[in-house]
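Written out below as structure tokens is the structure these notes cover.
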Amino acid sequence: MVQNLVKRYGDFTAINGVSFSIKEDEIFGIIGPNGAGKTTTVECISGLRTPDSGSISIYGLSPQRDRNKIREFVGVQLQESSMPPRLKAREAVKLFASFYPNPMDPDALLETLGMTQVKNSIFKNLSGGQKQRLSIALALVGNPKVAILDELTTGLDPEARRETWSLIESIRDRGVTVILVTHFMDEAERLCDRLALINHGKLAVLDTPEAIAALAGGNRVRFVPSQPVDDKTLHAIPGLTGIERKERYITVTGTGDLAASVINSLAGIGVHVSEIEARRGNLDDAFVKLTRDDPADAPGGAEP
Amino acid sequence: MTSVPSKSKGKGSRGHFSALLKVEAKLALRTPIGLGGGLGITTALLAIFGLIGVASPGNVAGTDLTIIDLYVPTLMAISFTFLGIYSLPYTTVRYREMGWLRRVSLTPESPSRLLAAQAIINLVVALAAILILVFGSELIFGASLHANIPYFALSIILSIAELFSLGLIVAAVVPTQQIFSAVSGVLMFLSFFLSGLWVQPSQVGGIVATTMNYSPPGAAVGALLSSAFDSAPSYTSIATMVVYTAIFAFIATRYFRWE
């Protein structure tokens with residue numbers, strides 16, 4: 001879907017050869033540090049910007065050449081977008097519905113979004129969360145096949161975030177492909193089927209949230225063995241990738257159900273473990289690790 | 001991902017445009033700065049020149065018209081200028097600055113419709129301003145217009161087309177309200193001068209009068225003045241307005257920016 005995308009602003013190369021392909025009906029997350037090129041990437045996909053080279057194809061159409069067709073089935077929620085301050089929520093949704101050939105029912109959509117109470121409030125009187133939900137409504141009212149959502153839950157309170165997440169999942173379940181830009185790892189972990197991590201304008205990694213989390217070194221298990229164990233024995237444990245020793249503690253890292261493997265393997269040679277403490281690798285760790293590394297060292301792995 | 005999603009027939013574009021127009025009209029009434037200003041400035045200037053006319057009756061030197069007679073076309077051009085250069089682009093520039101135009105650009109809606117909706121709303125106000133000027137000057141201040149209706153209508157249509165398309169250039173390119181205040185301020189001051197608000201071309205003569213007559217607002221005033229007093233507007237003023245309208249409209253559509 002996206003091939004070798006390059007976008008420069010003057011001398012600054014915002015995106016440098018990003019390629020990925022998004023599957024139908026998935027929630028595809030784009031994560032990365034500030035200034036990594038996330039927003040530029042989705043702006044190219046939505047047709048707001050024209051890439052300097054590379055190609056983008058959505059259902060075989062180009063966002064730049066086939067703007068009008070693409071807009072009928074791609075809904076977009078922008079990172080920062082205000083509305084006319086005196087426009088009422090319902091008027092905005094009805095107006096946008098009038099732009100599309102086959103829109104949703106504005107009132108039903110507002111109800112789904114929990115905005116029935118405030119549908120006759122003008123934009124400037126809405127709370128931050130309500131404005132955000134209205135913005136999502138405008139992205140969805142045209143009944144899109146693809147929804148591009150940039151910084152979906154920034155500025156929402158925890159409850160509104162969770163409601164918004166459920167909404168996005170229900171949209172995906174209705175057969176909409178969602179492209180989600182976020183810098184919240186919990187959001188990416190919870191919502192996304194696959195994640196593209198963009199760093200310094202390049203695709204650092206593309207995989208499921210679980211697989212990316214495992215890149216942080218995976219799970220860690222710390223324990224105290226009942227008798228000394230040498231490294232060779234430990235390396236024989238399935239899934240184990242690293243060993244650290246500190247006083248009587250041994251900390252191992254690895255993938256899979258590491259704690260169980262450690263206990264079973266050592267029990268097999270008559271060693272008991274105590275004070276066991278296991279921690280799952282998470283996306284946060286992976287994110288920090290992958291974006292701190294020199295980009296040349298980061299694992300490649302662009303999918304065609 | 002190979003097939004384009006199926007598309008239903010959808011509604012006609014007429015229903016679609018009326019929805020936009022309705023919303024824009026409601027918004028214009030909720031923040032009536034431009035529209036209120038357009039009618040306000042028209043009424044205020046009519047009162048001022050009407051009272052000056054009452055205070056100094058008789059014909060203005062070098063013409064066979066009274067002050068109020070002479071100024072009705074000028075005030076008409078001024079109210080079209082205000083609506084075209086201030087009120088019409090005001091909303092569009094605001095929409096651009098707040099990112100609303102950018103948002104709309106991601107829908108199948110086209111920018112020309114957005115501008116058209118603004119133009120239609122201001123057109124309605126321009127018609128109200130014409131009624132205020134014609135009936136106000138006649139009924140309250142005793143002006144003696146005897147318009148040649150077809151020519152007068154033609155002159156009004158061309159004046160509005162020309163001054164509104166000048167405003168559409170401002171609407172098309174100015175990025176922020178701050179720049180807009182400066183640009184529209186300078187343009188309006190110049191236009192008011194060229195329409196003869198401070199001095200009439202007949203009073204200055206020479207190169208200044210020629211510049212005024214061939215300027216966008218001056219050509220409008222010339223055509224309005226002739227047709228308001230039962231004569232055909234000069235070909236030059238008609239041609240001048242047509243050429244300006246074409247140039248302005250071309251620039252506005254060619255250089256329109258969403259953000």
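In the structure tokens, the first chain shown is A, the next is B, and so on; residue numbers restart at 1 for each chain, and ligands run from 1 in the order shown.
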
As a VMD selection string, list the residues of stretch 37-226 of chain A assigned to helix (DSSP H, G or I) by DSSP on the backbone atoms of this structure.
chain A and resid 38 to 46 67 to 73 89 to 99 106 to 112 116 to 118 123 to 125 128 to 140 158 to 173 185 to 191 209 to 214

Give me every strand (DSSP E or B) residue in stretch 147-181 of chain A, going by DSSP on the backbone, as a PyMOL selection string.
chain A and resi 147-150+177-181

Got time to write the residues from that selection, C-alpha atoms, as an mmCIF file, in the first residue's frame?
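part-v6.cif, freshly written:
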```
data_model
loop_
_atom_site.group_PDB
_atom_site.id
_atom_site.type_symbol
_atom_site.label_atom_id
_atom_site.label_comp_id
_atom_site.auth_asym_id
_atom_site.auth_seq_id
_atom_site.Cartn_x
_atom_site.Cartn_y
_atom_site.Cartn_z
ATOM 1 C CA ALA A 147 -10.374 5.735 8.792
ATOM 2 C CA ILE A 148 -7.186 7.644 9.532
ATOM 3 C CA LEU A 149 -7.059 8.828 13.137
ATOM 4 C CA ASP A 150 -4.193 11.038 14.314
ATOM 5 C CA THR A 177 -9.692 -0.428 8.244
ATOM 6 C CA VAL A 178 -8.261 1.914 10.862
ATOM 7 C CA ILE A 179 -4.910 3.664 10.636
ATOM 8 C CA LEU A 180 -4.091 5.017 14.062
ATOM 9 C CA VAL A 181 -1.255 7.402 14.868
#
```

Would you kindly return, as a PyMOL selection string, each protein, DNA or RNA residue with an atom no farther than 8 Å from any atom of stretch 76-87 of chain B, considering only C-alpha atoms and excluding same-chain residues fewer than 2 positions away?
chain B and resi 33-35+37-39+41-42+72-74+89-91+122+126+129-130+133+159-160+163-168+170+184+187-188+191-192+195+217+220-221

Which one of B:Phe141, B:Ser181, B:Tyr95, B:Thr43 sits closest to B:Ala55 if you count only C-alpha atoms?
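Answer, going by the shortest atom-to-atom distance: B:Phe141.
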
Using only C-alpha atoms, which of A:Arg133, A:Lys119, A:Lys232, A:Arg86 sits nearest chain B?
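Comparing A:Arg133, A:Lys119, A:Lys232, A:Arg86 against chain B, the winner is A:Arg86.
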
Got a sec to pull out which chain A residues are within 8 Å of chain B, counting only C-alpha atoms, and send them as a PyMOL selection string?
chain A and resi 23-24+46-48+58-60+68-69+71-73+75-76+78+80-84+86-87+91+95-96+98-102+145

Go ahead and save the picked residues with C-alpha atoms, as a compact mmCIF listing (two decimals), in the first residue's frame.
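selection-v2.txt was written with the following content:
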```
# COMPACT_ATOMS: atom_id res chain seq x y z
CA LYS A 23 -4.54 -5.30 5.65
CA GLU A 24 -8.23 -4.83 5.29
CA SER A 46 -4.76 11.07 3.25
CA GLY A 47 -3.63 13.21 0.31
CA LEU A 48 -2.93 16.36 2.31
CA ILE A 58 -5.41 2.68 -1.49
CA TYR A 59 -7.62 0.09 -3.17
CA GLY A 60 -5.52 0.73 -6.28
CA ASN A 68 -11.95 12.92 -5.27
CA LYS A 69 -12.58 9.18 -5.36
CA ARG A 71 -12.11 11.12 -0.27
CA GLU A 72 -15.41 9.32 -0.62
CA PHE A 73 -14.18 6.31 1.31
CA GLY A 75 -12.32 9.38 6.66
CA VAL A 76 -9.74 11.47 8.45
CA LEU A 78 -6.68 15.48 12.11
CA GLU A 80 -5.16 19.63 15.47
CA SER A 81 -8.35 20.85 13.99
CA SER A 82 -10.78 23.38 15.24
CA MET A 83 -14.29 24.05 14.01
CA PRO A 84 -16.29 27.23 13.58
CA ARG A 86 -20.65 28.62 16.84
CA LEU A 87 -21.29 25.51 14.80
CA GLU A 91 -25.02 20.67 12.40
CA LEU A 95 -23.06 19.04 7.11
CA PHE A 96 -20.34 16.46 6.69
CA SER A 98 -24.14 15.97 3.10
CA PHE A 99 -20.67 15.84 1.54
CA TYR A 100 -20.68 12.04 1.14
CA PRO A 101 -22.60 9.83 -1.28
CA ASN A 102 -23.58 7.24 1.30
CA LYS A 145 -13.72 1.99 4.27
```

For A:Gly254, list every protein, DNA or RNA residue within 10 Å, evaluated using only C-alpha atoms, and leave out those in the same chain fewer than 3 positions away; present the list as a PyMOL selection string.
chain A and resi 214-221+237-243+257-259+280-281

Written file, previous selection with N, CA and C atoms, as a JSON list (two decimals), in the first residue's frame:
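Output contents, as saved in result.json:
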```json
[["chain", "number", "residue", "atom", "x", "y", "z"],
["A", 214, "ALA", "N", 8.38, -8.02, 22.64],
["A", 214, "ALA", "CA", 9.39, -9.05, 22.89],
["A", 214, "ALA", "C", 10.79, -8.58, 22.50],
["A", 215, "LEU", "N", 10.84, -7.60, 21.57],
["A", 215, "LEU", "CA", 12.14, -7.09, 21.13],
["A", 215, "LEU", "C", 12.87, -6.35, 22.23],
["A", 216, "ALA", "N", 12.14, -5.95, 23.26],
["A", 216, "ALA", "CA", 12.78, -5.24, 24.35],
["A", 216, "ALA", "C", 13.69, -6.19, 25.14],
["A", 217, "GLY", "N", 13.77, -7.40, 24.69],
["A", 217, "GLY", "CA", 14.51, -8.39, 25.47],
["A", 217, "GLY", "C", 13.50, -9.36, 26.04],
["A", 218, "GLY", "N", 12.27, -9.10, 25.75],
["A", 218, "GLY", "CA", 11.21, -10.02, 26.15],
["A", 218, "GLY", "C", 10.98, -10.02, 27.64],
["A", 219, "ASN", "N", 10.62, -11.17, 28.16],
["A", 219, "ASN", "CA", 10.28, -11.27, 29.57],
["A", 219, "ASN", "C", 11.54, -11.40, 30.41],
["A", 220, "ARG", "N", 11.45, -10.94, 31.64],
["A", 220, "ARG", "CA", 12.59, -11.06, 32.56],
["A", 220, "ARG", "C", 12.16, -11.90, 33.76],
["A", 221, "VAL", "N", 13.02, -12.76, 34.18],
["A", 221, "VAL", "CA", 12.72, -13.56, 35.38],
["A", 221, "VAL", "C", 13.93, -13.48, 36.31],
["A", 237, "ILE", "N", 18.12, -23.55, 28.57],
["A", 237, "ILE", "CA", 16.68, -23.34, 28.82],
["A", 237, "ILE", "C", 16.04, -22.74, 27.57],
["A", 238, "PRO", "N", 14.93, -23.34, 27.10],
["A", 238, "PRO", "CA", 14.29, -22.86, 25.86],
["A", 238, "PRO", "C", 13.84, -21.39, 25.98],
["A", 239, "GLY", "N", 14.13, -20.60, 24.93],
["A", 239, "GLY", "CA", 13.66, -19.21, 24.88],
["A", 239, "GLY", "C", 14.56, -18.23, 25.59],
["A", 240, "LEU", "N", 15.60, -18.71, 26.29],
["A", 240, "LEU", "CA", 16.43, -17.82, 27.09],
["A", 240, "LEU", "C", 17.46, -17.10, 26.21],
["A", 241, "THR", "N", 17.58, -15.79, 26.41],
["A", 241, "THR", "CA", 18.50, -15.05, 25.55],
["A", 241, "THR", "C", 19.60, -14.32, 26.32],
["A", 242, "GLY", "N", 19.36, -14.01, 27.60],
["A", 242, "GLY", "CA", 20.39, -13.24, 28.32],
["A", 242, "GLY", "C", 20.47, -13.62, 29.79],
["A", 243, "ILE", "N", 21.64, -13.46, 30.37],
["A", 243, "ILE", "CA", 21.84, -13.80, 31.78],
["A", 243, "ILE", "C", 22.56, -12.65, 32.47],
["A", 257, "ASP", "N", 7.01, -18.40, 27.82],
["A", 257, "ASP", "CA", 6.68, -18.50, 29.24],
["A", 257, "ASP", "C", 7.97, -18.83, 29.99],
["A", 258, "LEU", "N", 8.78, -17.78, 30.18],
["A", 258, "LEU", "CA", 10.14, -17.97, 30.66],
["A", 258, "LEU", "C", 10.20, -18.54, 32.06],
["A", 259, "ALA", "N", 9.34, -18.03, 32.95],
["A", 259, "ALA", "CA", 9.39, -18.48, 34.35],
["A", 259, "ALA", "C", 9.15, -19.98, 34.44],
["A", 280, "ARG", "N", 6.79, -9.24, 32.49],
["A", 280, "ARG", "CA", 6.60, -9.32, 31.04],
["A", 280, "ARG", "C", 7.26, -8.12, 30.37],
["A", 281, "GLY", "N", 7.86, -8.34, 29.23],
["A", 281, "GLY", "CA", 8.38, -7.22, 28.44],
["A", 281, "GLY", "C", 7.19, -6.44, 27.91]]
```

Using only C-alpha atoms, which residue out of A:Pro144, A:Gly268, A:Pro63, A:Gly29 lies closest to A:Leu195?
A:Gly29

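Nearest residue to B:Phe49 among B:Val183, B:Leu115, B:Val174, B:Ile67 is B:Ile67, counting only C-alpha atoms.
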